>>> print(open('coords-v3.csv').read())   # CSV, C-alpha atoms
chain,number,residue,atom,x,y,z
X,1,MET,CA,-13.9,64.5,-30.0
X,2,ASN,CA,-13.7,61.3,-32.1
X,3,LYS,CA,-12.4,58.0,-30.7
X,4,GLY,CA,-8.9,58.5,-32.0
X,5,SER,CA,-8.6,61.9,-30.3
X,6,GLN,CA,-9.9,60.4,-27.0
X,7,VAL,CA,-7.3,57.7,-27.1
X,8,ARG,CA,-4.5,60.2,-27.9
X,9,ALA,CA,-5.7,62.5,-25.1
X,10,ALA,CA,-5.8,59.6,-22.6
X,11,LEU,CA,-2.2,58.5,-23.5
X,12,SER,CA,-1.0,62.1,-23.2
X,13,LEU,CA,-2.4,62.4,-19.7
X,14,ALA,CA,-1.1,59.0,-18.6
X,15,ALA,CA,2.4,60.1,-19.6
X,16,ARG,CA,2.4,62.7,-16.8
X,17,PRO,CA,3.9,61.5,-13.5
X,18,ALA,CA,1.3,63.1,-11.3
X,19,ARG,CA,-1.5,61.6,-13.4
X,20,ARG,CA,0.1,58.1,-13.2
X,21,GLY,CA,0.0,58.4,-9.4
X,22,ARG,CA,-3.7,59.3,-9.5
X,23,SER,CA,-4.3,56.4,-11.9
X,24,GLN,CA,-2.7,53.9,-9.5
X,25,THR,CA,-4.8,55.3,-6.6
X,26,GLY,CA,-7.9,55.1,-8.8
X,27,GLU,CA,-7.1,51.4,-9.6
X,28,LYS,CA,-6.7,50.7,-5.9
X,29,LEU,CA,-10.0,52.5,-5.1
X,30,GLY,CA,-11.6,50.6,-7.9
X,31,LEU,CA,-10.5,47.3,-6.5
X,32,ARG,CA,-11.6,48.3,-3.0
X,33,GLU,CA,-15.0,49.3,-4.3
X,34,ARG,CA,-15.4,46.0,-6.2
X,35,LYS,CA,-14.6,44.0,-3.1
X,36,LYS,CA,-17.2,46.0,-1.1
X,37,ALA,CA,-19.8,45.5,-3.9
X,38,ARG,CA,-19.0,41.7,-3.9
X,39,LEU,CA,-19.4,41.4,-0.1
X,40,ARG,CA,-22.6,43.4,-0.2
X,41,GLN,CA,-24.0,41.0,-2.8
X,42,GLN,CA,-22.8,38.0,-0.7
X,43,ILE,CA,-24.7,39.4,2.3
X,44,ILE,CA,-27.9,39.8,0.1
X,45,ASP,CA,-27.5,36.3,-1.4
X,46,THR,CA,-26.9,34.6,2.0
X,47,SER,CA,-29.7,36.5,3.7
X,48,ILE,CA,-32.2,35.5,0.9
X,49,ARG,CA,-31.1,31.8,1.2
X,50,LEU,CA,-31.8,31.9,4.9
X,51,PHE,CA,-35.1,33.7,4.6
X,52,ARG,CA,-36.2,31.0,2.1
X,53,LYS,CA,-35.0,28.1,4.3
X,54,ARG,CA,-35.8,29.3,7.8
X,55,GLY,CA,-38.4,32.1,7.3
X,56,TYR,CA,-38.2,35.8,8.2
X,57,GLU,CA,-38.8,35.5,11.9
X,58,SER,CA,-36.2,32.7,12.5
X,59,THR,CA,-33.4,34.4,10.5
X,60,ARG,CA,-31.0,36.5,12.6
X,61,VAL,CA,-28.2,38.8,11.6
X,62,GLU,CA,-26.0,36.5,13.7
X,63,ASP,CA,-26.8,33.6,11.4
X,64,ILE,CA,-26.0,35.6,8.3
X,65,VAL,CA,-22.6,36.8,9.6
X,66,GLN,CA,-21.7,33.3,10.9
X,67,ILE,CA,-22.1,31.8,7.5
X,68,LEU,CA,-20.1,34.6,5.8
X,69,GLU,CA,-17.5,34.6,8.5
X,70,ILE,CA,-17.7,38.4,9.0
X,71,SER,CA,-18.4,40.4,12.1
X,72,GLN,CA,-21.8,42.0,13.0
X,73,PRO,CA,-20.2,45.5,12.7
X,74,THR,CA,-19.1,44.6,9.2
X,75,PHE,CA,-22.7,43.6,8.3
X,76,PHE,CA,-24.1,46.8,9.8
X,77,ARG,CA,-21.7,48.9,7.6
X,78,TYR,CA,-23.7,47.6,4.6
X,79,PHE,CA,-27.2,47.1,6.1
X,80,PRO,CA,-28.6,48.6,9.3
X,81,SER,CA,-30.9,45.5,9.8
X,82,LYS,CA,-32.1,42.3,8.2
X,83,ASP,CA,-35.1,44.3,7.0
X,84,ALA,CA,-32.8,46.6,5.0
X,85,VAL,CA,-31.6,43.5,3.0
X,86,LEU,CA,-35.2,42.8,2.1
X,87,ARG,CA,-35.7,46.4,1.1
X,88,GLU,CA,-33.0,45.9,-1.5
X,89,VAL,CA,-35.1,42.9,-2.8
X,90,GLY,CA,-38.1,45.2,-2.7
X,91,ARG,CA,-36.4,47.8,-4.8
X,92,ARG,CA,-35.8,45.0,-7.4
X,93,GLY,CA,-39.4,44.1,-7.2
X,94,PHE,CA,-40.4,47.7,-8.0
X,95,ASN,CA,-37.9,47.7,-10.9
X,96,CYS,CA,-39.6,44.5,-12.2
X,97,LEU,CA,-43.0,46.2,-12.0
X,98,LYS,CA,-41.7,49.2,-13.8
X,99,GLU,CA,-40.3,47.1,-16.6
X,100,HIS,CA,-43.6,45.3,-17.0
X,101,LEU,CA,-45.5,48.6,-17.2
X,102,GLU,CA,-43.1,50.1,-19.7
X,103,THR,CA,-43.4,47.0,-21.8
X,104,GLU,CA,-47.2,47.2,-21.8
X,105,LEU,CA,-47.2,50.9,-22.6
X,106,SER,CA,-45.3,50.2,-25.7
X,107,SER,CA,-47.7,47.4,-26.8
X,108,ASP,CA,-50.8,47.8,-28.9
X,109,ALA,CA,-52.9,45.7,-26.6
X,110,THR,CA,-56.2,46.8,-25.0
X,111,THR,CA,-56.2,48.1,-21.4
X,112,ALA,CA,-57.8,44.8,-20.2
X,113,GLU,CA,-55.1,42.7,-22.0
X,114,ARG,CA,-52.3,44.9,-20.6
X,115,LEU,CA,-53.5,44.6,-17.0
X,116,GLN,CA,-54.3,40.9,-17.2
X,117,ARG,CA,-50.9,40.0,-18.7
X,118,MET,CA,-48.9,42.3,-16.5
X,119,TYR,CA,-50.4,41.2,-13.1
X,120,GLU,CA,-50.6,37.6,-14.1
X,121,ASP,CA,-46.9,37.6,-15.0
X,122,MET,CA,-46.0,39.2,-11.7
X,123,ALA,CA,-48.2,36.8,-9.8
X,124,ARG,CA,-46.3,33.9,-11.4
X,125,GLU,CA,-43.0,35.4,-10.5
X,126,VAL,CA,-44.1,35.9,-6.9
X,127,GLU,CA,-45.7,32.5,-6.6
X,128,SER,CA,-42.5,30.8,-7.7
X,129,ASP,CA,-40.7,32.1,-4.6
X,130,ARG,CA,-43.2,32.2,-1.8
X,131,PRO,CA,-40.8,31.9,1.2
X,132,LEU,CA,-38.9,35.0,0.0
X,133,TRP,CA,-42.1,37.0,-0.7
X,134,ARG,CA,-43.5,36.0,2.7
X,135,ALA,CA,-40.4,37.5,4.3
X,136,ILE,CA,-40.8,40.7,2.2
X,137,VAL,CA,-44.5,41.0,3.2
X,138,LEU,CA,-43.8,40.4,6.9
X,139,SER,CA,-40.9,42.9,7.0
X,140,GLY,CA,-42.9,45.6,5.1
X,141,ALA,CA,-39.9,45.9,2.7
X,142,MET,CA,-42.1,47.1,-0.2
X,143,ASP,CA,-44.6,49.1,1.8
X,144,PRO,CA,-43.9,52.8,1.1
X,145,VAL,CA,-45.6,53.7,4.4
X,146,ARG,CA,-43.4,51.5,6.5
X,147,SER,CA,-40.3,51.8,4.3
X,148,PRO,CA,-39.9,55.5,3.2
X,149,GLN,CA,-37.0,54.4,1.0
X,150,MET,CA,-39.6,52.7,-1.2
X,151,ARG,CA,-41.7,55.8,-1.8
X,152,ARG,CA,-39.9,57.0,-4.9
X,153,ALA,CA,-40.0,53.6,-6.5
X,154,ASP,CA,-43.7,53.3,-5.7
X,155,GLU,CA,-44.4,56.7,-7.2
X,156,ILE,CA,-42.6,55.7,-10.5
X,157,ALA,CA,-44.6,52.5,-10.7
X,158,CYS,CA,-47.9,54.2,-9.9
X,159,ALA,CA,-47.2,56.9,-12.5
X,160,LEU,CA,-46.7,54.3,-15.2
X,161,LEU,CA,-49.9,52.5,-14.1
X,162,ARG,CA,-51.7,55.8,-14.3
X,163,ALA,CA,-50.4,56.3,-17.8
X,164,VAL,CA,-51.8,52.8,-18.8
X,165,LEU,CA,-55.2,53.7,-17.4
X,166,GLN,CA,-55.2,57.2,-18.8
X,167,GLU,CA,-54.6,55.8,-22.3
X,168,GLY,CA,-57.4,53.4,-21.7
X,169,GLN,CA,-59.7,56.4,-20.9
X,170,LYS,CA,-58.7,58.1,-24.1
X,171,ARG,CA,-59.5,54.9,-26.1
X,172,GLY,CA,-62.9,54.7,-24.4
X,173,GLU,CA,-61.9,51.4,-22.7
X,174,VAL,CA,-62.0,52.8,-19.1
X,175,THR,CA,-64.5,55.0,-17.4
X,176,LYS,CA,-63.8,58.7,-17.0
X,177,LYS,CA,-65.8,59.0,-13.9
X,178,PHE,CA,-62.7,58.8,-11.8
X,179,PRO,CA,-59.2,60.3,-12.2
X,180,PRO,CA,-56.6,57.8,-13.5
X,181,SER,CA,-54.6,58.4,-10.3
X,182,HIS,CA,-57.5,57.1,-8.2
X,183,LEU,CA,-58.0,54.1,-10.5
X,184,ALA,CA,-54.3,53.2,-10.2
X,185,GLU,CA,-54.5,53.3,-6.4
X,186,PHE,CA,-57.5,51.0,-6.5
X,187,MET,CA,-55.8,48.4,-8.7
X,188,GLU,CA,-52.5,48.5,-6.8
X,189,SER,CA,-54.4,48.1,-3.5
X,190,LEU,CA,-56.3,45.1,-4.8
X,191,TYR,CA,-53.1,43.4,-6.0
X,192,THR,CA,-51.1,44.3,-2.9
X,193,THR,CA,-53.9,42.9,-0.6
X,194,VAL,CA,-54.2,39.7,-2.5
X,195,VAL,CA,-50.4,39.1,-2.4
X,196,ARG,CA,-50.2,39.9,1.3
X,197,ARG,CA,-53.0,37.5,2.3
X,198,TRP,CA,-51.6,34.8,0.1
X,199,ALA,CA,-48.1,35.2,1.5
X,200,VAL,CA,-49.2,34.9,5.2
X,201,ASP,CA,-52.2,32.5,4.6
X,202,LEU,CA,-54.7,34.7,6.4
X,203,SER,CA,-57.5,33.2,4.3
X,204,GLY,CA,-56.2,29.7,3.9
X,205,PRO,CA,-54.1,28.2,1.1
X,206,HIS,CA,-55.0,29.4,-2.4
X,207,SER,CA,-53.5,30.0,-5.8
X,208,LEU,CA,-52.1,33.4,-6.2
X,209,ASN,CA,-52.5,33.3,-9.9
X,210,GLU,CA,-56.2,32.5,-9.5
X,211,ARG,CA,-56.8,35.2,-7.0
X,212,VAL,CA,-54.9,37.8,-9.0
X,213,ARG,CA,-57.0,36.9,-12.1
X,214,SER,CA,-60.1,37.4,-10.1
X,215,ALA,CA,-58.9,40.8,-8.7
X,216,VAL,CA,-58.0,42.1,-12.2
X,217,ALA,CA,-61.4,40.9,-13.6
X,218,PHE,CA,-63.2,42.6,-10.7
X,219,PHE,CA,-61.3,45.8,-11.3
X,220,LEU,CA,-61.9,45.7,-15.1
X,221,GLU,CA,-65.6,45.1,-14.6
X,222,GLY,CA,-65.8,48.1,-12.2
X,223,VAL,CA,-64.0,50.5,-14.6
X,224,GLU,CA,-66.0,49.7,-17.7
X,225,PRO,CA,-67.3,52.9,-19.3
>>> encode(input="coords-v3.csv", output="structure tokens")
Amino acid sequence: MNKGSQVRAALSLAARPARRGRSQTGEKLGLRERKKARLRQQIIDTSIRLFRKRGYESTRVEDIVQILEISQPTFFRYFPSKDAVLREVGRRGFNCLKEHLETELSSDATTAERLQRMYEDMAREVESDRPLWRAIVLSGAMDPVRSPQMRRADEIACALLRAVLQEGQKRGEVTKKFPPSHLAEFMESLYTTVVRRWAVDLSGPHSLNERVRSAVAFFLEGVEP
């Protein structure tokens, strides 16, 4: 059906009384859904602001609802806990990782260049918002073991990383001694450990960018054919 036919069909349906009633109901539902989406985003934005300012441990649901002037039952209709808000941020983090990997897969760079660029870019993004990422680490919001909701996102990201490493094997840039799935797990574990330790200062203050560069260099040296 071309555009003109679609418009004519829509006008014909709108002319029927029953359809007009449904259209008005749909508009009301649309407005209600938009209000819900707006409040949900306000909860996320307010929570993130408090996590950055006060830290994960000192931020309470009570603080969030007080600022928004909503009740705790209203908050819990959208999120079962403050950790659930951070899981939303975690999902966005996985989406960011997915976008980075897709970009690198479409480039003509070597495997080493792809991994160095991708992980250093992510490290810069994380380092620019340390208080928020500390909250994410402490809550386990991006941990697929502690947060089952993250498993699908983690699987997608790992599949793309496997594709990068598998292509590296085909090019002769990466050893074939190990399956690409194992290599992807090793690299992700290295990166995750570095970010966690940086976020909670277990080994003292250090530059995340510097540590990530070292981790990628260590991995690349280990996977040389």
>>> closest_residue(input="coords-v3.csv", among="X:Pro131, X:Gly93, X:Pro225, X:Pro148", to="Val174 in chain X", atoms="only C-alpha atoms")
X:Pro225
>>> atom_distance(input="coords-v3.csv", atom1="CA of Arg114 in chain X", atom2="CA of Glu167 in chain X")
11.3 Å
>>> residues_around(input="coords-v3.csv", residues="range 50-56 of chain X", least_positions_apart="4", cutoff="9 Å", atoms="only C-alpha atoms", output="VMD selection string")
chain X and resid 45 to 46 60 63 to 64 82 129 to 136 138 to 139
>>> residues_around(input="coords-v3.csv", residues="Glu102 in chain X", least_positions_apart="6", cutoff="12 Å", atoms="only C-alpha atoms", output="VMD selection string")
chain X and resid 95 to 96 114 118 156 to 164
>>> closest_residue(input="coords-v3.csv", among="X:Glu104, X:Glu99, X:Glu188, X:Glu224", to="Gln169 in chain X", atoms="only C-alpha atoms")
X:Glu224
>>> residues_around(input="coords-v3.csv", residues="Gln41 in chain X", least_positions_apart="2", cutoff="12 Å", atoms="all atoms listed in the file", output="list in words")
Arg34, Lys35, Lys36, Ala37, Arg38, Leu39, Ile43, Ile44, Asp45, Thr46, Ser47, Ile48, Leu68, Phe75, Tyr78, Phe79, Val85, Glu88 and Val89 of chain X
>>> closest_residue(input="coords-v3.csv", among="X:Thr110, X:Arg92, X:Asp154, X:Val137", to="Leu220 in chain X", atoms="all atoms listed in the file")
X:Thr110
>>> closest_residue(input="coords-v3.csv", among="X:Arg77, X:Lys98, X:Arg87, X:Arg211", to="Glu155 in chain X", atoms="only C-alpha atoms")
X:Lys98
>>> atom_distance(input="coords-v3.csv", atom1="CA of Glu125 in chain X", atom2="CA of Gln166 in chain X")
26.3 Å
>>> residues_around(input="coords-v3.csv", residues="Val223 in chain X", least_positions_apart="3", cutoff="12 Å", atoms="only C-alpha atoms", output="list in words")
Thr111, Ala112, Leu165, Gln166, Gly168, Gln169, Gly172, Glu173, Val174, Thr175, Lys176, Lys177, Phe178, Pro179, Pro180, His182, Leu183, Ala184, Phe186, Met187, Val216, Ala217, Phe218, Phe219 and Leu220 of chain X
>>> write_last_selection(input="coords-v3.csv", atoms="C-alpha atoms", output="PDB file, in the frame of the given file")
ATOM      1  CA  THR X 111     -56.200  48.100 -21.400  1.00  0.00           C
ATOM      2  CA  ALA X 112     -57.800  44.800 -20.200  1.00  0.00           C
ATOM      3  CA  LEU X 165     -55.200  53.700 -17.400  1.00  0.00           C
ATOM      4  CA  GLN X 166     -55.200  57.200 -18.800  1.00  0.00           C
ATOM      5  CA  GLY X 168     -57.400  53.400 -21.700  1.00  0.00           C
ATOM      6  CA  GLN X 169     -59.700  56.400 -20.900  1.00  0.00           C
ATOM      7  CA  GLY X 172     -62.900  54.700 -24.400  1.00  0.00           C
ATOM      8  CA  GLU X 173     -61.900  51.400 -22.700  1.00  0.00           C
ATOM      9  CA  VAL X 174     -62.000  52.800 -19.100  1.00  0.00           C
ATOM     10  CA  THR X 175     -64.500  55.000 -17.400  1.00  0.00           C
ATOM     11  CA  LYS X 176     -63.800  58.700 -17.000  1.00  0.00           C
ATOM     12  CA  LYS X 177     -65.800  59.000 -13.900  1.00  0.00           C
ATOM     13  CA  PHE X 178     -62.700  58.800 -11.800  1.00  0.00           C
ATOM     14  CA  PRO X 179     -59.200  60.300 -12.200  1.00  0.00           C
ATOM     15  CA  PRO X 180     -56.600  57.800 -13.500  1.00  0.00           C
ATOM     16  CA  HIS X 182     -57.500  57.100  -8.200  1.00  0.00           C
ATOM     17  CA  LEU X 183     -58.000  54.100 -10.500  1.00  0.00           C
ATOM     18  CA  ALA X 184     -54.300  53.200 -10.200  1.00  0.00           C
ATOM     19  CA  PHE X 186     -57.500  51.000  -6.500  1.00  0.00           C
ATOM     20  CA  MET X 187     -55.800  48.400  -8.700  1.00  0.00           C
ATOM     21  CA  VAL X 216     -58.000  42.100 -12.200  1.00  0.00           C
ATOM     22  CA  ALA X 217     -61.400  40.900 -13.600  1.00  0.00           C
ATOM     23  CA  PHE X 218     -63.200  42.600 -10.700  1.00  0.00           C
ATOM     24  CA  PHE X 219     -61.300  45.800 -11.300  1.00  0.00           C
ATOM     25  CA  LEU X 220     -61.900  45.700 -15.100  1.00  0.00           C
TER      26      LEU X 220
END
>>> closest_residue(input="coords-v3.csv", among="X:Leu105, X:Ala153, X:Val126, X:Ala84", to="Gly140 in chain X", atoms="all atoms listed in the file")
X:Ala84
>>> closest_residue(input="coords-v3.csv", among="X:Arg40, X:Met150, X:Asp121, X:Ser189", to="Leu208 in chain X", atoms="all atoms listed in the file")
X:Asp121
>>> atom_distance(input="coords-v3.csv", atom1="CA of Met142 in chain X", atom2="CA of Ser214 in chain X")
22.7 Å
>>> axis_aligned_box(input="coords-v3.csv", around="range 85-93 of chain X", padding_each_side="8 Å", output="lines of an AutoDock Vina configuration file")
center_x = -35.5
center_y = 45.3
center_z = -2.2
size_x = 23.8
size_y = 21.0
size_z = 26.4
>>> decode(input="coords-v3.csv", residues="range 56-143 of chain X", atoms="C-alpha atoms", output="tab-separated table (two decimals), in the first residue's frame")
chain	number	residue	atom	x	y	z
X	56	TYR	CA	25.77	4.13	46.78
X	57	GLU	CA	25.65	3.19	50.47
X	58	SER	CA	24.32	6.56	51.65
X	59	THR	CA	21.57	6.90	49.07
X	60	ARG	CA	18.18	5.61	50.23
X	61	VAL	CA	14.90	5.15	48.41
X	62	GLU	CA	13.47	7.54	51.00
X	63	ASP	CA	15.85	10.27	49.78
X	64	ILE	CA	14.86	9.72	46.16
X	65	VAL	CA	11.10	9.89	46.76
X	66	GLN	CA	11.45	12.92	49.02
X	67	ILE	CA	13.14	14.93	46.26
X	68	LEU	CA	10.58	13.82	43.66
X	69	GLU	CA	7.68	14.32	46.10
X	70	ILE	CA	6.25	10.88	45.39
X	71	SER	CA	5.41	8.01	47.72
X	72	GLN	CA	7.59	4.93	48.24
X	73	PRO	CA	4.82	2.68	46.81
X	74	THR	CA	4.94	4.83	43.66
X	75	PHE	CA	8.71	4.34	43.44
X	76	PHE	CA	8.34	0.58	43.88
X	77	ARG	CA	5.82	0.42	41.05
X	78	TYR	CA	8.67	1.42	38.75
X	79	PHE	CA	11.69	-0.14	40.47
X	80	PRO	CA	11.75	-2.84	43.18
X	81	SER	CA	14.90	-1.34	44.75
X	82	LYS	CA	17.59	1.28	44.30
X	83	ASP	CA	19.75	-1.48	42.79
X	84	ALA	CA	17.15	-1.90	40.05
X	85	VAL	CA	17.72	1.72	39.03
X	86	LEU	CA	21.41	0.99	38.61
X	87	ARG	CA	20.59	-2.10	36.55
X	88	GLU	CA	18.92	0.25	34.10
X	89	VAL	CA	22.19	2.18	33.91
X	90	GLY	CA	23.97	-1.16	33.56
X	91	ARG	CA	21.84	-2.06	30.57
X	92	ARG	CA	22.87	1.21	28.96
X	93	GLY	CA	26.48	0.31	29.68
X	94	PHE	CA	26.07	-2.98	27.84
X	95	ASN	CA	24.45	-1.13	24.95
X	96	CYS	CA	27.47	1.15	24.83
X	97	LEU	CA	29.79	-1.87	24.75
X	98	LYS	CA	27.69	-3.43	22.00
X	99	GLU	CA	27.92	-0.25	19.91
X	100	HIS	CA	31.70	-0.13	20.36
X	101	LEU	CA	32.06	-3.75	19.24
X	102	GLU	CA	29.80	-3.31	16.23
X	103	THR	CA	31.81	-0.26	15.19
X	104	GLU	CA	35.08	-2.16	15.47
X	105	LEU	CA	33.73	-5.14	13.54
X	106	SER	CA	32.90	-2.84	10.65
X	107	SER	CA	36.38	-1.27	10.61
X	108	ASP	CA	39.47	-2.44	8.72
X	109	ALA	CA	41.73	-2.16	11.77
X	110	THR	CA	43.85	-4.99	13.13
X	111	THR	CA	42.64	-6.99	16.13
X	112	ALA	CA	45.13	-5.19	18.37
X	113	GLU	CA	43.96	-1.77	17.16
X	114	ARG	CA	40.32	-2.75	17.63
X	115	LEU	CA	40.76	-3.94	21.20
X	116	GLN	CA	43.03	-1.08	22.23
X	117	ARG	CA	40.71	1.57	20.82
X	118	MET	CA	37.52	-0.02	22.14
X	119	TYR	CA	38.66	-0.64	25.71
X	120	GLU	CA	40.47	2.68	26.02
X	121	ASP	CA	37.36	4.52	24.81
X	122	MET	CA	35.24	2.68	27.38
X	123	ALA	CA	37.79	3.37	30.11
X	124	ARG	CA	37.65	7.10	29.36
X	125	GLU	CA	33.85	7.06	29.59
X	126	VAL	CA	33.90	5.17	32.89
X	127	GLU	CA	36.70	7.30	34.37
X	128	SER	CA	34.75	10.48	33.59
X	129	ASP	CA	31.96	9.37	35.97
X	130	ARG	CA	33.69	7.51	38.78
X	131	PRO	CA	31.04	8.04	41.53
X	132	LEU	CA	28.31	6.50	39.37
X	133	TRP	CA	30.44	3.55	38.28
X	134	ARG	CA	31.49	2.93	41.88
X	135	ALA	CA	27.79	2.62	42.72
X	136	ILE	CA	27.27	0.25	39.78
X	137	VAL	CA	30.19	-1.94	40.88
X	138	LEU	CA	29.08	-2.05	44.52
X	139	SER	CA	25.51	-2.92	43.57
X	140	GLY	CA	26.54	-5.61	41.09
X	141	ALA	CA	24.21	-3.98	38.57
X	142	MET	CA	26.24	-5.18	35.57
X	143	ASP	CA	27.23	-8.54	37.02
